[in-house]
Each structure stands twice: as C-alpha cells, then as structure tokens.
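Student: Provided below: query-v8.txt, containing compact mmCIF, C-alpha atoms.
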# COMPACT_ATOMS: atom_id res chain seq x y z
CA MET A 23 53.57 86.79 94.21
CA LYS A 24 56.31 84.71 95.85
CA GLN A 25 58.99 86.61 93.90
CA ILE A 26 57.51 89.94 95.06
CA ASN A 27 57.58 88.77 98.69
CA ILE A 28 61.21 87.69 98.34
CA ALA A 29 62.10 91.10 96.88
CA GLU A 30 60.35 92.86 99.77
CA HIS A 31 62.22 90.74 102.34
CA ILE A 32 65.53 91.48 100.62
CA LEU A 33 64.86 95.23 100.70
CA ALA A 34 63.93 95.08 104.40
CA TYR A 35 67.06 93.02 105.13
CA LEU A 36 69.19 95.65 103.39
CA ASP A 37 67.51 98.41 105.43
CA ILE A 38 65.81 99.96 102.37
CA ALA A 39 62.28 101.34 102.54
CA VAL A 40 60.47 101.85 99.22
CA MET A 41 57.62 104.31 98.65
CA LEU A 42 55.59 104.43 95.42
CA ARG A 43 54.38 107.84 94.19
CA VAL A 44 50.65 107.39 93.61
CA GLU A 45 49.98 111.01 92.65
CA PRO A 46 51.66 114.37 93.27
CA GLY A 47 52.43 114.64 96.98
CA ARG A 48 51.02 111.20 97.90
CA TYR A 49 53.07 108.05 98.43
CA THR A 50 52.43 104.52 99.72
CA VAL A 51 54.92 102.24 101.47
CA GLN A 52 55.61 99.08 99.50
CA GLY A 53 55.73 95.85 101.45
CA LYS A 54 56.96 95.70 105.02
CA PRO A 55 59.58 98.40 105.68
CA PRO A 56 62.72 97.69 107.72
CA ASP A 57 62.79 98.21 111.47
CA PHE A 58 64.63 101.56 111.32
CA TYR A 59 61.78 103.04 109.26
CA LYS A 60 59.15 101.98 111.76
CA ASN A 61 61.27 103.29 114.64
CA PHE A 62 62.12 106.65 113.06
CA PHE A 63 58.71 107.37 111.55
CA PRO A 64 55.56 106.50 113.57
CA GLY A 65 52.58 105.25 111.63
CA ASP A 66 50.19 108.04 112.66
CA GLY A 67 47.22 105.68 112.68
CA GLU A 68 48.30 103.88 109.50
CA PRO A 69 50.28 100.63 109.35
CA TYR A 70 53.36 102.51 108.14
CA CYS A 71 54.12 106.22 107.94
CA SER A 72 53.40 107.53 104.43
CA ALA A 73 55.01 110.94 105.00
CA PRO A 74 58.41 110.49 106.73
CA TRP A 75 59.38 114.04 105.74
CA ALA A 76 56.91 115.26 108.37
CA HIS A 77 59.38 113.97 110.98
CA SER A 78 62.58 115.40 109.45
CA TYR A 79 63.23 118.94 108.22
CA MET A 80 66.00 117.68 105.94
CA LEU A 81 63.80 115.01 104.40
CA ALA A 82 61.10 117.66 103.98
CA PHE A 83 63.51 119.69 101.88
CA PHE A 84 64.50 116.63 99.83
CA PHE A 85 60.80 115.79 99.35
CA GLU A 86 60.31 119.20 97.68
CA ARG A 87 63.24 118.48 95.34
CA ALA A 88 61.83 115.01 94.59
CA GLU A 89 58.41 116.43 93.72
CA GLU A 90 60.02 118.97 91.36
CA PHE A 91 62.04 116.14 89.77
CA PHE A 92 59.00 113.86 89.35
CA SER A 93 56.81 116.68 87.99
CA GLN A 94 59.06 117.11 84.94
CA GLU A 95 57.50 115.70 81.79
CA ASP A 96 60.68 113.80 80.94
CA ALA A 97 61.64 112.75 84.49
CA LYS A 98 64.11 109.89 84.23
CA GLY A 99 67.01 108.74 86.38
CA MET A 100 67.71 109.44 90.03
CA ILE A 101 68.51 112.23 92.47
CA THR A 102 70.12 111.51 95.83
CA SER A 103 70.47 113.26 99.15
CA GLY A 104 71.43 112.38 102.70
CA VAL A 105 70.53 113.05 106.31
CA TRP A 106 73.38 113.05 108.79
CA GLU A 107 73.37 113.76 112.52
CA GLU A 108 69.91 115.33 112.58
CA GLU A 109 68.78 115.88 116.14
CA GLY A 110 66.24 113.26 117.19
CA LEU A 111 66.86 111.14 114.10
CA CYS A 112 70.35 110.20 112.94
CA THR A 113 73.52 109.99 115.03
CA GLU A 114 77.25 110.26 114.42
CA THR A 115 77.41 106.57 113.47
CA GLU A 116 74.49 106.27 111.09
CA GLY A 117 72.65 108.27 108.49
CA LEU A 118 69.89 108.04 105.90
CA VAL A 119 70.29 108.13 102.15
CA ALA A 120 67.16 109.37 100.36
CA GLU A 121 66.76 108.75 96.63
CA ALA A 122 64.08 109.71 94.11
CA ILE A 123 64.03 107.28 91.18
CA ALA A 124 62.04 107.50 87.93
CA PHE A 125 62.11 104.52 85.58
CA GLN A 126 59.74 102.85 83.09
CA GLY A 127 56.82 105.03 84.13
CA ALA A 128 57.26 104.32 87.86
CA GLN A 129 58.28 106.95 90.41
CA VAL A 130 59.59 105.82 93.80
CA LEU A 131 61.33 107.22 96.84
CA THR A 132 63.74 105.02 98.76
CA LEU A 133 65.17 105.52 102.25
CA ARG A 134 68.24 103.53 103.19
CA LEU A 135 69.95 103.28 106.57
CA LEU A 136 73.71 103.56 106.26
CA LYS A 137 76.05 102.70 109.11
CA ASP A 138 79.34 104.54 109.46
CA ILE A 139 81.43 101.48 108.70
CA HIS A 140 83.52 102.96 105.90
CA GLN A 141 84.91 106.47 106.01
CA GLU A 142 84.13 106.98 102.35
CA ARG A 143 80.44 106.44 102.96
CA ALA A 144 80.53 108.79 105.91
CA ALA A 145 82.25 111.48 103.84
CA THR A 146 79.68 111.07 101.06
CA LEU A 147 76.81 111.58 103.45
CA ARG A 148 78.42 114.55 105.15
CA LYS A 149 79.01 116.19 101.76
CA ALA A 150 75.39 115.52 100.80
CA ARG A 151 74.26 117.06 104.07
CA GLY A 152 76.42 120.13 103.46
CA GLN A 153 75.04 120.55 99.94
CA LEU A 154 71.49 120.13 101.22
CA LEU A 155 71.95 122.73 103.92
CA GLU A 156 73.63 125.14 101.49
CA GLN A 157 70.78 124.79 99.00
CA ARG A 158 68.32 125.27 101.85
CA LEU A 159 70.08 128.50 102.83
CA LEU A 160 69.96 129.74 99.23
CA THR A 161 66.25 128.95 99.10
CA ASN A 162 65.68 130.68 102.41
CA ASP A 163 67.61 133.70 101.11
CA LEU A 164 65.29 133.82 98.10
CA GLU A 165 62.21 133.64 100.35
CA LEU A 166 63.72 136.37 102.56
CA PHE A 167 64.18 138.61 99.54
CA LYS A 168 60.56 138.03 98.59
CA ASN A 169 59.46 138.98 102.09
CA LYS A 170 61.63 142.10 102.23
CA SER A 171 59.67 143.89 99.52
CA ARG A 172 62.40 143.31 96.94
CA MET A 173 59.63 142.48 94.50
CA ASP A 174 58.54 144.42 91.44
CA GLY A 175 55.18 145.83 92.47
CA LEU A 176 53.45 145.19 89.15
CA THR A 177 54.69 141.76 88.05
CA LYS A 178 55.29 140.26 91.53
CA VAL A 179 58.72 138.90 90.58
CA LEU A 180 62.05 140.15 91.95
CA ASN A 181 63.28 143.55 90.93
CA ARG A 182 66.63 144.13 89.22
CA ALA A 183 68.48 145.11 92.41
CA ALA A 184 67.40 141.93 94.18
CA PHE A 185 68.48 139.81 91.21
CA MET A 186 71.92 141.43 91.07
CA GLU A 187 72.38 140.74 94.78
CA LEU A 188 71.21 137.12 94.70
CA ALA A 189 72.77 135.92 91.45
CA PRO A 190 76.48 135.94 92.50
CA GLU A 191 75.74 133.36 95.23
CA HIS A 192 74.47 130.95 92.59
CA LEU A 193 77.47 131.56 90.34
CA GLY A 194 79.73 130.76 93.28
CA ARG A 195 77.83 127.58 94.05
CA ALA A 196 78.02 126.49 90.40
CA ASP A 197 81.81 126.89 90.63
CA ASP A 198 82.12 125.05 93.97
CA GLU A 199 79.87 122.13 93.05
CA ASN A 200 80.70 122.03 89.32
CA GLU A 201 76.99 122.18 88.54
CA PRO A 202 75.37 123.71 85.43
CA LEU A 203 73.71 127.11 85.65
CA SER A 204 71.78 128.88 82.90
CA MET A 205 70.36 132.31 82.23
CA ILE A 206 67.45 133.45 80.07
CA MET A 207 66.71 137.04 79.07
CA LEU A 208 63.40 137.79 77.41
CA ASP A 209 61.65 140.83 76.03
CA ILE A 210 58.01 141.42 75.06
CA ASP A 211 57.86 142.04 71.32
CA HIS A 212 56.49 145.40 70.09
CA PHE A 213 55.66 146.45 73.65
CA LYS A 214 55.83 150.17 72.82
CA ASP A 215 53.16 149.65 70.15
CA ILE A 216 50.89 148.02 72.72
CA ASN A 217 51.19 151.05 75.01
CA ASP A 218 50.77 153.53 72.15
CA LYS A 219 47.77 151.83 70.51
CA PHE A 220 45.90 150.35 73.47
CA GLY A 221 47.06 152.41 76.44
CA HIS A 222 49.28 151.82 79.44
CA GLN A 223 46.61 149.82 81.23
CA ALA A 224 46.80 147.25 78.45
CA GLY A 225 50.59 147.26 78.73
CA ASP A 226 50.35 146.71 82.48
CA MET A 227 47.96 143.79 81.91
CA VAL A 228 50.52 142.16 79.60
CA LEU A 229 53.32 142.67 82.14
CA ILE A 230 51.20 141.20 84.94
CA HIS A 231 50.48 138.17 82.78
CA MET A 232 54.22 137.78 82.08
CA GLY A 233 54.94 137.70 85.82
CA LYS A 234 52.27 135.05 86.38
CA THR A 235 53.47 132.96 83.43
CA LEU A 236 57.09 132.92 84.55
CA THR A 237 56.16 132.13 88.15
CA SER A 238 53.87 129.26 87.18
CA LYS A 239 56.11 127.72 84.49
CA LEU A 240 59.39 127.82 86.43
CA ARG A 241 60.54 126.23 89.68
CA ARG A 242 60.37 127.94 93.05
CA ASP A 243 64.19 128.05 93.30
CA ASP A 244 64.68 129.68 89.90
CA ILE A 245 65.55 133.37 90.18
CA ILE A 246 63.05 135.44 88.18
CA ALA A 247 63.27 139.23 87.94
CA ARG A 248 61.97 142.16 85.96
CA TYR A 249 65.20 143.54 84.55
CA GLY A 250 63.72 146.75 83.21
CA GLY A 251 60.64 147.91 81.30
CA GLU A 252 59.36 144.91 79.37
CA GLU A 253 62.54 142.87 79.86
CA PHE A 254 62.87 139.92 82.28
CA ILE A 255 65.85 137.85 83.41
CA ILE A 256 65.90 134.29 84.79
CA LEU A 257 68.66 132.28 86.47
CA ILE A 258 68.09 128.51 86.43
CA PRO A 259 70.33 126.39 88.75
CA GLY A 260 71.10 122.84 87.63
CA SER A 261 70.07 123.47 84.01
CA ALA A 262 72.44 122.73 81.14
CA LYS A 263 72.17 124.04 77.57
CA GLU A 264 69.64 121.64 76.04
CA LYS A 265 67.29 121.73 79.03
CA THR A 266 67.41 125.53 79.07
CA ARG A 267 66.56 125.70 75.37
CA VAL A 268 63.50 123.51 76.03
CA ILE A 269 62.44 125.75 78.95
CA ALA A 270 62.83 128.88 76.81
CA GLU A 271 60.77 127.35 73.99
CA LYS A 272 58.00 126.40 76.42
CA LEU A 273 57.88 129.96 77.74
CA ARG A 274 57.78 131.37 74.21
CA LYS A 275 55.00 129.01 73.18
CA SER A 276 52.95 129.63 76.35
CA VAL A 277 52.95 133.39 75.81
CA ALA A 278 52.22 133.14 72.09
CA GLU A 279 49.23 130.85 72.69
CA HIS A 280 47.61 133.08 75.32
CA LYS A 281 44.68 135.15 74.02
CA PHE A 282 44.34 138.63 75.53
CA GLU A 283 40.95 140.28 75.38
CA ASN A 284 40.91 143.17 72.89
CA LEU A 285 44.61 142.77 72.10
CA PRO A 286 46.45 141.17 69.17
CA GLN A 287 48.74 138.18 69.71
CA ILE A 288 51.52 138.91 72.21
CA THR A 289 54.89 137.26 71.67
CA ILE A 290 58.30 137.31 73.34
CA SER A 291 61.89 136.93 72.17
CA LEU A 292 64.37 135.04 74.33
CA GLY A 293 68.13 134.68 74.56
CA TYR A 294 69.84 132.10 76.77
CA THR A 295 73.33 131.08 77.77
CA VAL A 296 75.12 128.64 80.08
CA TYR A 297 77.48 129.74 82.84
CA ARG A 298 81.20 129.40 82.12
CA LYS A 299 83.25 128.53 85.16
CA GLY A 300 84.87 131.54 86.78
CA GLU A 301 83.14 134.22 84.71
CA ARG A 302 81.55 137.34 86.19
CA LEU A 303 77.80 137.87 86.32
CA GLU A 304 78.10 140.83 83.93
CA GLU A 305 79.67 138.60 81.26
CA MET A 306 76.83 136.09 81.50
CA ILE A 307 74.25 138.88 81.26
CA ARG A 308 76.01 140.41 78.23
CA ARG A 309 75.96 137.07 76.40
CA SER A 310 72.26 136.50 77.18
CA ASP A 311 71.43 140.03 76.08
CA THR A 312 73.27 139.54 72.77
CA ALA A 313 71.35 136.31 72.18
CA LEU A 314 68.09 138.15 72.93
CA TYR A 315 68.82 140.79 70.30
CA ASN A 316 69.72 138.08 67.82
CA ALA A 317 66.28 136.59 68.46
CA LYS A 318 64.69 139.98 67.76
CA ASP A 319 66.76 140.49 64.62
CA SER A 320 65.61 137.10 63.31
CA GLY A 321 61.99 138.26 63.28
CA ARG A 322 60.99 138.06 66.98
CA ASN A 323 58.93 135.34 68.71
CA ALA A 324 62.13 133.29 68.70
CA VAL A 325 64.78 131.71 70.96
CA ARG A 326 68.51 132.09 70.39
CA GLU A 327 71.59 130.80 72.21
CA GLY A 328 74.42 133.03 73.34
What would the structure in this file look like if it were written as structure tokens?
Tutor:
Amino acid sequence: MKQINIAEHILAYLDIAVMLRVEPGRYTVQGKPPDFYKNFFPGDGEPYCSAPWAHSYMLAFFFERAEEFFSQEDAKGMITSGVWEEEGLCTETEGLVAEAIAFQGAQVLTLRLLKDIHQERAATLRKARGQLLEQRLLTNDLELFKNKSRMDGLTKVLNRAAFMELAPEHLGRADDENEPLSMIMLDIDHFKDINDKFGHQAGDMVLIHMGKTLTSKLRRDDIIARYGGEEFIILIPGSAKEKTRVIAEKLRKSVAEHKFENLPQITISLGYTVYRKGERLEEMIRRSDTALYNAKDSGRNAVREG
C-alpha cells in the first residue's frame, strides 16, 4: 500500500492524472490527481471529475478515439493527442497531453500538464492540435455528407458519388501525415441467382443486411459506400496491410455465419489493398477491384490482397 501511495504522489508531483477504464465509457480517477486537474475539471458532486472530456471539446474528440482504440480485441500500446490554447482551458504557455494506454490487460487514460519551457515540446503539442482539428474536420465532413442525403437509400451507407468526393481528402492526409490507409472492395457472391430464384425482395433484404453489417463492424470514421449493385467499397484510415486483412476476414466470416430466413448461405468475396504514397484514387480502386476478382476466381467466400 505504501508503494502505491508513493507512486500516486509521484504522478501528482509530475502533473499527471491517471484514469482507469472500468468499462466502456466509464473511468475512475486513480489516487489524488494533481492541482491542475482539479482546477480545470470540477468534480460535479464527486471527489474528482470522472469525465474531463465534458469540459473540453478537444478532449471529447480524443475520448472517442480512445474508446475506439480500447474496444479493439487486440488493443495494445498507446495513442497520444494534445490540447493547446483551447479557450477557457489551456493558454499560450501550457497545454495538456492526453494518452490512452493499454498494457497487461489494463486500460488507462492519462492527462499531463505541459509547460511551454522547451520549444520542441510546444511544437509537438501544436502539431498534435493541428492533426486533431484536421481529423475532426474530416469526421465532420463525413457527418455532413450523411446529413445531406448522400446516402444509398436501401443500405443506408454512402453512395458512390459521395465516396468519390470524400476519398481524395483521406489520400491527401495519408500523404501529409505519412499514415497508412487501406481499401476493401467486396461483392455478394451469386447475387443474381438470389434475385432470380427468390425475388428482388430477398435481394433487397440481403443488401440491407450488408449495410447493417458493415456499419456495425467498422468504425464511425471509416468510409463505407455502396459502389454499385451488390458491390461495396470501404476506405479505412490508419490501417496497414495485416490489420486490413484481419478486418476483411472478420467481415467475410460475419456474413457467412448469418442465417437468412428461407435463403441459402450468403457469402461475400473481398479484395483489399494498401495506399501507395502519391497514387491516384483510381489506381487504388483498380488494385482492390483486381484483388476482388481474384477472390471470386479462387472459389468465392474468400479474401485476396491486391
């Protein structure tokens, strides 16, 4: 117990607040937080504020990213962001560094006060703030598209035109930030047979289920669209090759395991590829499409890389 108390005092002395994730969306403050935490984030009837993101729009955005990070089955490591010069919170001479850390089964958020003593630290925080705001704008753009009736009426995902308008922004960001970006194209196997044998209402039911599956299995910031007929396209920011292959396999398995009433097993074929710096959107789509057809040629209900 004495060692724990010493650790808590050290963290407070270093201006670091630690919050343990108890369950999705719920955190508890560990020990006695430093003075800045108590000053910035009122307790709201509790000893210490358990939801600091309610007092900061930038922390609120980071909290969403942290929850997505923690919700991954294999969450491990750390993601970092910063808050700099937010009105009513940070000033020109200090900022907050927010970190989500997953290790040995534990999931914690830390908030650290950082004084503008060294220019390098200041530059790091300003860059983090710029990246955070840019990602927020991209997310807002996606929500705007959804609210501007750019959705496919049947599947409730974006339509092809909306995808083609949104995607170049993410390619540009991948170039600027040197971050991975992946694409998946998928097609419902033997879809024409479903329409011919069971009717277009059955085909519509399968398409609606596809829209729901993709929306529920992917992140909010992933770009999902109906590319045409029974074909869908997905753009996944921050996802490299191996992670994308795992995502594609999970989608394939989820569809194959679903039992439709009065229909045989429905399967999908998927092709994926990773963005190559400087390439055009059309090149990335062509490579994904080729991988998709390779998956179909191999017998369908398969995933192939392009």
Student: List the neighbours of Glu201 (chain A) out to 8 Å using only C-alpha atoms; skip same-chain residues closer than 6 positions along the sequence, and give me the result as a short mmCIF file (atom, residue, chain, number, x, y, z; two decimals) with C-alpha atoms, in the coordinates of the input.
Tutor:
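And here's selection35.cif as it stands now:
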data_model
loop_
_atom_site.label_atom_id
_atom_site.label_comp_id
_atom_site.auth_asym_id
_atom_site.auth_seq_id
_atom_site.Cartn_x
_atom_site.Cartn_y
_atom_site.Cartn_z
CA ARG A 195 77.83 127.58 94.05
CA PRO A 259 70.33 126.39 88.75
CA GLY A 260 71.10 122.84 87.63
#
Student: How many Å separate CA of Glu90 (chain A) from CA of Gln52 (chain A)?
Tutor: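 Taking CA of Glu90 (chain A) and CA of Gln52 (chain A), their separation equals 21.9 Å.
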Student: Identify which of the residues A:Met232, A:Leu273, A:Ala39, A:Leu203 lies closest to Pro190 (chain A), counting all atoms listed in the file when measuring atom-to-atom distances.
Tutor: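 Of all the options, A:Leu203 lies closest to Pro190 (chain A).
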Student: One number please: CA of Met227 (chain A) to CA of Arg274 (chain A), in Å, one decimal.
Tutor: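 CA of Arg274 (chain A) lies 17.6 Å from CA of Met227 (chain A).
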Student: Using all atoms listed in the file, give me every residue within 9 Å of (67.9, 97.7, 107.3) in file coordinates, as a PDB file with C-alpha atoms, in the frame of the given file.
Tutor:
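Contents of point-v3.pdb, as written:
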ATOM      1  CA  LEU A  33      64.860  95.230 100.700  1.00  0.00           C
ATOM      2  CA  ALA A  34      63.930  95.080 104.400  1.00  0.00           C
ATOM      3  CA  TYR A  35      67.060  93.020 105.130  1.00  0.00           C
ATOM      4  CA  LEU A  36      69.190  95.650 103.390  1.00  0.00           C
ATOM      5  CA  ASP A  37      67.510  98.410 105.430  1.00  0.00           C
ATOM      6  CA  ILE A  38      65.810  99.960 102.370  1.00  0.00           C
ATOM      7  CA  ALA A  39      62.280 101.340 102.540  1.00  0.00           C
ATOM      8  CA  PRO A  55      59.580  98.400 105.680  1.00  0.00           C
ATOM      9  CA  PRO A  56      62.720  97.690 107.720  1.00  0.00           C
ATOM     10  CA  ASP A  57      62.790  98.210 111.470  1.00  0.00           C
ATOM     11  CA  PHE A  58      64.630 101.560 111.320  1.00  0.00           C
ATOM     12  CA  TYR A  59      61.780 103.040 109.260  1.00  0.00           C
ATOM     13  CA  ARG A 134      68.240 103.530 103.190  1.00  0.00           C
ATOM     14  CA  LEU A 135      69.950 103.280 106.570  1.00  0.00           C
ATOM     15  CA  LEU A 136      73.710 103.560 106.260  1.00  0.00           C
TER      16      LEU A 136
END
Student: Give the answer as one residue: which of A:Ala324, A:Leu176, A:Leu314, A:Ala262 has the shortest atom-to-atom distance to Asn200 (chain A), using only C-alpha atoms?
Tutor: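 Checking each of A:Ala324, A:Leu176, A:Leu314, A:Ala262 against Asn200 (chain A), counting only C-alpha atoms, the winner is A:Ala262.
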Student: Just to confirm, what's the straight-line distance from CA of Glu271 (chain A) to CA of Thr235 (chain A) in Å (one decimal)?
Tutor: 13.2 Å
Student: Pick from A:Gly194, A:Phe85, A:Gln126, A:Pro286: nearest to Lys219 (chain A), with only C-alpha atoms counted?
Tutor: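 Closest to Lys219 (chain A), using only C-alpha atoms: A:Pro286.
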Student: Would you mind listing what lies within 8 Å of Arg43 (chain A) as an MDAnalysis selection string, with all atoms listed in the file counted and same-chain residues fewer than 3 positions away left out?
Tutor: chainID A and resid 46:50 128:131
Student: Please produce an output containing C-alpha atoms for each residue in the selection, written as a CSV table (one decimal), keeping the file's coordinate frame.
Tutor:
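Wrote it out as result18.csv, contents follow:
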chain,number,residue,atom,x,y,z
A,46,PRO,CA,51.7,114.4,93.3
A,47,GLY,CA,52.4,114.6,97.0
A,48,ARG,CA,51.0,111.2,97.9
A,49,TYR,CA,53.1,108.0,98.4
A,50,THR,CA,52.4,104.5,99.7
A,128,ALA,CA,57.3,104.3,87.9
A,129,GLN,CA,58.3,107.0,90.4
A,130,VAL,CA,59.6,105.8,93.8
A,131,LEU,CA,61.3,107.2,96.8
Student: So, with all atoms listed in the file as the atoms that count, which of A:Ala278, A:Ala189, A:Ile258, A:Ile230 lies closest to Asp243 (chain A)?
Tutor: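 Of A:Ala278, A:Ala189, A:Ile258, A:Ile230, the one nearest Asp243 (chain A) is A:Ile258, counting all atoms listed in the file.
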Student: Measuring between only C-alpha atoms, which one of A:Gly175, A:Gly233, A:Gly127, A:Gly225 shows the shortest distance to Val44 (chain A)?
Tutor: A:Gly127
Student: Restrict the calculation to all atoms listed in the file, then for each residue of region 169-237 of chain A with any atom at most 6 Å from an atom of region 291-308 of chain A give the closest atom pair and their distance in Å to one decimal, rows by chain and rising residue number, as a Markdown table.
Tutor:
| residue | atom | partner | partner_atom | distance |
| --- | --- | --- | --- | --- |
| A:Asp197 | CA | A:Lys299 | CA | 5.9 |
| A:Leu203 | CA | A:Tyr297 | CA | 5.4 |
| A:Ser204 | CA | A:Val296 | CA | 4.4 |
| A:Met205 | CA | A:Tyr294 | CA | 5.5 |
| A:Ile206 | CA | A:Tyr294 | CA | 4.3 |
| A:Met207 | CA | A:Gly293 | CA | 5.3 |
| A:Leu208 | CA | A:Leu292 | CA | 4.2 |
| A:Asp209 | CA | A:Ser291 | CA | 5.5 |
Student: My list of candidates is A:Val119, A:Ala224, A:Ser93, A:Asn316. Which is closest to Leu240 (chain A) when distances are computed with only C-alpha atoms?
Tutor: A:Ser93
Student: So for region 54-72 of chain A, what box centre and size do we get, axis-aligned, 5 Å extra on each of the six sides, every listed atom, Å to one decimal, as JSON?
Tutor:
{"center_x": 55.9, "center_y": 101.9, "center_z": 109.5, "size_x": 27.4, "size_y": 22.3, "size_z": 20.2}
Student: Output region 305-320 of chain A as a short mmCIF file (atom, residue, chain, number, x, y, z; two decimals), in the coordinates of the input, making sure N, CA and C atoms are there.
Tutor:
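Output below, filename part_20.cif:
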data_model
loop_
_atom_site.label_atom_id
_atom_site.label_comp_id
_atom_site.auth_asym_id
_atom_site.auth_seq_id
_atom_site.Cartn_x
_atom_site.Cartn_y
_atom_site.Cartn_z
N GLU A 305 79.35 139.27 82.52
CA GLU A 305 79.67 138.60 81.26
C GLU A 305 78.53 137.68 80.83
N MET A 306 77.94 136.99 81.80
CA MET A 306 76.83 136.09 81.50
C MET A 306 75.61 136.89 81.02
N ILE A 307 75.37 138.03 81.66
CA ILE A 307 74.25 138.88 81.26
C ILE A 307 74.48 139.43 79.85
N ARG A 308 75.70 139.85 79.56
CA ARG A 308 76.01 140.41 78.23
C ARG A 308 75.75 139.36 77.15
N ARG A 309 76.15 138.12 77.39
CA ARG A 309 75.96 137.07 76.40
C ARG A 309 74.47 136.76 76.19
N SER A 310 73.70 136.73 77.28
CA SER A 310 72.26 136.50 77.18
C SER A 310 71.59 137.63 76.43
N ASP A 311 72.02 138.85 76.72
CA ASP A 311 71.43 140.03 76.08
C ASP A 311 71.71 140.02 74.57
N THR A 312 72.92 139.63 74.20
CA THR A 312 73.27 139.54 72.77
C THR A 312 72.40 138.50 72.08
N ALA A 313 72.19 137.35 72.75
CA ALA A 313 71.35 136.31 72.18
C ALA A 313 69.91 136.80 72.03
N LEU A 314 69.45 137.59 73.01
CA LEU A 314 68.09 138.15 72.93
C LEU A 314 67.95 139.05 71.70
N TYR A 315 68.91 139.90 71.46
CA TYR A 315 68.82 140.79 70.30
C TYR A 315 68.95 140.03 69.00
N ASN A 316 69.67 138.93 69.02
CA ASN A 316 69.72 138.08 67.82
C ASN A 316 68.34 137.48 67.55
N ALA A 317 67.64 137.12 68.61
CA ALA A 317 66.28 136.59 68.46
C ALA A 317 65.36 137.65 67.87
N LYS A 318 65.51 138.90 68.30
CA LYS A 318 64.69 139.98 67.76
C LYS A 318 65.04 140.25 66.30
N ASP A 319 66.33 140.23 66.00
CA ASP A 319 66.76 140.49 64.62
C ASP A 319 66.29 139.41 63.66
N SER A 320 66.04 138.20 64.18
CA SER A 320 65.61 137.10 63.31
C SER A 320 64.12 137.15 63.00
#
